[in-house]
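Peer 1: Let me give you the structure first, and then I'll get to my questions.
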Amino acid sequence: MNIFTLSFLILSFIFSLVSADEALKPEQYPFSFSKPLGKIDKNSAQRGLQVYIEVCASCHGLKHVAYRNLEGLGYNKDQINAIASQFELDDFPNDEGEIIKRKAIYSDSFVEPYENHNAAKAANNGAYPPDLSLMVKARKDGANYIRSLLLGYTDAPDGFEIGEGYYNKYMAGNIIAMPQPLYGDDVEYKDGTNASLEQEVNDLVTFLTWTSMPDLEDRRSAGLKVIFFLFVMTILFYLSYRKIWSELKK
Amino acid sequence: MESSKKNTKGIINWIDYRLPVVSFLKHSAVDYPTPRNLNYWWNFGSLAGFFLLVQIITGVILSMHYTAHVDHAFDSIEHIMRNVNHGWLIRYIHMNGASFFFIVVYIHIFRGLYYGSYKAPRELLWWLGIIILLLMMATAFMGYVLPWGQMSFWGATVITNLFSAIPLIGDNITQWLWGGYSVDNPTLSRFYTLHFLLPFLIVGVVVLHIVALHTHGSNNPLGIDRKGPQDSIPFHPFYTIKDLFGLSFALTIFFAVVFFAPDFLGHPDNYIPADPLKTPAHIVPEWYFLPFYAILRAIPDKLGGVIAMFSAIFVLFLLPWLDTSKVRSATFRPIYKILFWIFLIDAIILGWVGSKPAEGIYIIISRIATLYYFLHFLILLPLLGKFERNRPLPESIGKPVLAE
């Protein structure tokens, strides 16, 4: 074993230890993007966008994503304007200083569901529905976690004190403020896919993975080229090193 | 100047006659005589310098797009990730570059420990290295606050609160650091200023570190002084190519992480915007602080913990005198060699318990490991120099190398 392998092993050992957790571990699901070189399934993500708009968007924002970003999921500008125009937002003050609502367009960010933080809390029993733009990155094993969570609503075991929330196997502490949002057949998919609960959840998680990491596909394809280049360069440097140092042995 | 006697024609010579940059580089990076037997562990110094440059370059680019305000910091990072051309790449390099800088520097330090690189006449070289480490820690800590995520905010709260343990003036110092009564906008903006400033101080200390290094030259795996020119080879091309090979290898690993697991070393909670009303379940610092965090929490008293944590680094300043053995390299110190590996394992254990909640068995482990950490430096090393019988040292560097 050479020193690099050894140091690499030691370091990966350290990192593997640096992870504490509680609650039930999320179920592992083979998403299109799970493997290191996997991609976002665009059809699935488009269906997930539909689930988001028709169900989630009434409470959860997506403020870091702009409608124009949807080009990354294969929509063209007209389609994106059509999607955006379903939502209204405050325009800039006009010449009289009045703020008038206008329809969202291509260049806007996803419109927030509530006027402000307090309005969002007041409408939801005091629990703020978090923005979903980064949800997959903001939870450990995010994609699997959100999938498990949305499928993880069950009746509470006997004697379990729930209070104001709902029982969920995968939530830390098992109490979640959000009522079960998806049951199956919550949407009618435009592409005719059967909208079973699991299908909806998988599509939504695929969409949210894209909103968290719009860079994912670019990153992975660029990464492959960079690693290949560095690999070849390392070999060339190694051979040069051996060649140059061989002069010392003469 | 040597060059002034030679041919003064040509632009290079014209410049060098007036400003001897070329002859300086020739003296200290090309002809610079270097022990001929350096192994791969000697690659990590130049690697550390490289990662410092990477951090400064990517950091300056990020600063063009970042906004140091509690209402905008988190969003401005997402703006970098989503709207700035290749912003995600710059930011992921900067995030992981910090981790790799620490990995490389820690290996560099442990190399120094193994081969006794801190011993005479390199004590000040060693000191400058520790000062760089301290500056790096301050810089990294403040950098982690800038995204203004949950771990940023609560990490900053926990660490700045440590200063309140100082008797009498502690609370005043903490408020002075915060610029208010809690971690808030004044804290963020001063941390940003300092996070930008300190790396340039590090560059300054690195220059001194290199000046001190070049005064007596590198230590080497045998730990014996060079006896003559046959023990040295010029830095270029021998160590330039070896450093390039090592750099290329390290970059392959680095970019594998940047492109395929960029958030692996971070904490998911930092993608949740800071919320002063909601404390995360476990507040953990970045991995490179974990051993010191474990020492902090091992002591049941707050002030005691803070003192122990800072002592864990300051004891390194005393190391050249605590280690009483005249032999540098662990290769010829059979007992020290064992102690070195035990100490390394001890440091890893400290890092591991640092990531665990401070309860039950973890507290006991952290106390034993902390005790051993100081035992190693304060008791074992001073005694060992008196009792250890070292293996016979080779006569010169050239001999064993050429004999192989």
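Identifiers for the structure tokens are assigned positionally: chains receive A, B, ... in sequence, residues are indexed from 1 per chain, and ligands are indexed from 1 in the order shown.
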Please tabulate, as JSON lines, the residues of range 91-119 of chain A that come within 9 Å of range 124-128 of chain A, each with its closest pair of atoms and the distance in Å to one decimal, counting only C-alpha atoms and ordering rows by chain, then residue number upward.

Peer 2:
{"residue": "A:His117", "atom": "CA", "partner": "A:Tyr128", "partner_atom": "CA", "distance": 7.3}
{"residue": "A:Asn118", "atom": "CA", "partner": "A:Tyr128", "partner_atom": "CA", "distance": 8.1}
{"residue": "A:Ala119", "atom": "CA", "partner": "A:Asn124", "partner_atom": "CA", "distance": 8.7}

Peer 1: Using only C-alpha atoms, I'd like every residue of chain B that has an atom within 7 Å of chain A; please write them out as a count of residues only.

Peer 2: 22

Peer 1: For range 102-109 of chain B, list every protein, DNA or RNA residue within 10 Å, evaluated using only C-alpha atoms, and leave out those in the same chain fewer than 3 positions away; present the list as a PyMOL selection string.

Peer 2: (chain A and resi 7+11) or (chain B and resi 41-49+51+96-99+112-114+117-118+126+129-130+132-133+136-137+140+250+287-289)

Peer 1: For Ala104 in chain A, which residue out of A:Ala82, A:Leu204, A:Leu24, A:Ile146 is the nearest one, using only C-alpha atoms?

Peer 2: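 Looking only at the distances to Ala104 in chain A, the closest residue turns out to be A:Ala82.
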
Peer 1: Got a sec to tell me which of range 4-64 of chain B DSSP assigns to alpha helix (DSSP H), as a ChimeraX atom specification?

Peer 2: /B:4-5,11-18,21-25,44-63

Peer 1: Would you mind exporting the chosen residues as a JSON list (two decimals), in the first residue's frame, restricted to N, CA and C atoms?

Peer 2:
[["chain", "number", "residue", "atom", "x", "y", "z"],
["B", 4, "SER", "N", 25.34, 40.86, -12.58],
["B", 4, "SER", "CA", 25.85, 42.13, -13.07],
["B", 4, "SER", "C", 27.22, 41.96, -13.72],
["B", 5, "LYS", "N", 27.95, 40.94, -13.29],
["B", 5, "LYS", "CA", 29.27, 40.72, -13.88],
["B", 5, "LYS", "C", 29.14, 40.09, -15.25],
["B", 11, "ILE", "N", 16.72, 41.98, -22.52],
["B", 11, "ILE", "CA", 15.74, 42.62, -21.63],
["B", 11, "ILE", "C", 15.79, 42.02, -20.23],
["B", 12, "ILE", "N", 15.88, 40.68, -20.18],
["B", 12, "ILE", "CA", 15.88, 40.02, -18.87],
["B", 12, "ILE", "C", 17.04, 40.51, -18.03],
["B", 13, "ASN", "N", 18.22, 40.56, -18.65],
["B", 13, "ASN", "CA", 19.39, 41.00, -17.91],
["B", 13, "ASN", "C", 19.30, 42.47, -17.53],
["B", 14, "TRP", "N", 18.69, 43.26, -18.43],
["B", 14, "TRP", "CA", 18.51, 44.69, -18.15],
["B", 14, "TRP", "C", 17.66, 44.86, -16.89],
["B", 15, "ILE", "N", 16.56, 44.13, -16.86],
["B", 15, "ILE", "CA", 15.68, 44.22, -15.68],
["B", 15, "ILE", "C", 16.40, 43.68, -14.45],
["B", 16, "ASP", "N", 17.03, 42.51, -14.61],
["B", 16, "ASP", "CA", 17.63, 41.86, -13.46],
["B", 16, "ASP", "C", 18.75, 42.70, -12.84],
["B", 17, "TYR", "N", 19.43, 43.49, -13.68],
["B", 17, "TYR", "CA", 20.50, 44.35, -13.18],
["B", 17, "TYR", "C", 19.94, 45.42, -12.25],
["B", 18, "ARG", "N", 18.69, 45.84, -12.55],
["B", 18, "ARG", "CA", 18.05, 46.90, -11.76],
["B", 18, "ARG", "C", 17.14, 46.36, -10.66],
["B", 21, "VAL", "N", 14.86, 40.20, -9.74],
["B", 21, "VAL", "CA", 13.83, 39.17, -9.55],
["B", 21, "VAL", "C", 14.26, 37.83, -10.15],
["B", 22, "VAL", "N", 14.92, 37.91, -11.32],
["B", 22, "VAL", "CA", 15.27, 36.66, -11.98],
["B", 22, "VAL", "C", 16.34, 35.91, -11.19],
["B", 23, "SER", "N", 17.35, 36.65, -10.76],
["B", 23, "SER", "CA", 18.40, 35.96, -10.00],
["B", 23, "SER", "C", 17.88, 35.50, -8.64],
["B", 24, "PHE", "N", 16.88, 36.25, -8.11],
["B", 24, "PHE", "CA", 16.28, 35.80, -6.85],
["B", 24, "PHE", "C", 15.58, 34.46, -7.05],
["B", 25, "LEU", "N", 14.77, 34.37, -8.11],
["B", 25, "LEU", "CA", 14.06, 33.12, -8.38],
["B", 25, "LEU", "C", 15.04, 32.00, -8.67],
["B", 44, "PHE", "N", 3.70, 18.14, 0.59],
["B", 44, "PHE", "CA", 2.52, 18.81, 1.12],
["B", 44, "PHE", "C", 2.72, 20.29, 1.42],
["B", 45, "GLY", "N", 3.97, 20.73, 1.55],
["B", 45, "GLY", "CA", 4.21, 22.15, 1.75],
["B", 45, "GLY", "C", 3.81, 22.97, 0.53],
["B", 46, "SER", "N", 4.30, 22.55, -0.63],
["B", 46, "SER", "CA", 3.96, 23.31, -1.84],
["B", 46, "SER", "C", 2.47, 23.15, -2.16],
["B", 47, "LEU", "N", 1.92, 21.98, -1.83],
["B", 47, "LEU", "CA", 0.48, 21.77, -2.03],
["B", 47, "LEU", "C", -0.34, 22.77, -1.20],
["B", 48, "ALA", "N", 0.11, 22.97, 0.05],
["B", 48, "ALA", "CA", -0.59, 23.91, 0.92],
["B", 48, "ALA", "C", -0.55, 25.31, 0.31],
["B", 49, "GLY", "N", 0.62, 25.69, -0.20],
["B", 49, "GLY", "CA", 0.73, 27.00, -0.85],
["B", 49, "GLY", "C", -0.21, 27.10, -2.04],
["B", 50, "PHE", "N", -0.32, 26.01, -2.79],
["B", 50, "PHE", "CA", -1.21, 26.01, -3.94],
["B", 50, "PHE", "C", -2.67, 26.22, -3.51],
["B", 51, "PHE", "N", -3.09, 25.50, -2.49],
["B", 51, "PHE", "CA", -4.48, 25.64, -2.05],
["B", 51, "PHE", "C", -4.76, 27.02, -1.46],
["B", 52, "LEU", "N", -3.74, 27.62, -0.84],
["B", 52, "LEU", "CA", -3.92, 29.00, -0.37],
["B", 52, "LEU", "C", -4.23, 29.92, -1.55],
["B", 53, "LEU", "N", -3.48, 29.74, -2.64],
["B", 53, "LEU", "CA", -3.73, 30.57, -3.83],
["B", 53, "LEU", "C", -5.11, 30.31, -4.41],
["B", 54, "VAL", "N", -5.49, 29.03, -4.46],
["B", 54, "VAL", "CA", -6.83, 28.69, -4.98],
["B", 54, "VAL", "C", -7.90, 29.40, -4.16],
["B", 55, "GLN", "N", -7.74, 29.39, -2.84],
["B", 55, "GLN", "CA", -8.73, 30.02, -1.97],
["B", 55, "GLN", "C", -8.79, 31.53, -2.20],
["B", 56, "ILE", "N", -7.63, 32.13, -2.37],
["B", 56, "ILE", "CA", -7.62, 33.59, -2.57],
["B", 56, "ILE", "C", -8.25, 33.95, -3.91],
["B", 57, "ILE", "N", -7.89, 33.22, -4.95],
["B", 57, "ILE", "CA", -8.43, 33.55, -6.28],
["B", 57, "ILE", "C", -9.95, 33.31, -6.32],
["B", 58, "THR", "N", -10.40, 32.14, -5.89],
["B", 58, "THR", "CA", -11.84, 31.89, -5.93],
["B", 58, "THR", "C", -12.57, 32.83, -4.97],
["B", 59, "GLY", "N", -11.94, 33.12, -3.83],
["B", 59, "GLY", "CA", -12.56, 34.00, -2.85],
["B", 59, "GLY", "C", -12.76, 35.41, -3.38],
["B", 60, "VAL", "N", -11.76, 35.92, -4.09],
["B", 60, "VAL", "CA", -11.90, 37.27, -4.66],
["B", 60, "VAL", "C", -13.05, 37.28, -5.67],
["B", 61, "ILE", "N", -13.16, 36.24, -6.48],
["B", 61, "ILE", "CA", -14.26, 36.19, -7.46],
["B", 61, "ILE", "C", -15.61, 36.13, -6.73],
["B", 62, "LEU", "N", -15.70, 35.29, -5.70],
["B", 62, "LEU", "CA", -16.96, 35.19, -4.96],
["B", 62, "LEU", "C", -17.34, 36.53, -4.33],
["B", 63, "SER", "N", -16.33, 37.25, -3.84],
["B", 63, "SER", "CA", -16.62, 38.51, -3.16],
["B", 63, "SER", "C", -17.25, 39.54, -4.09]]
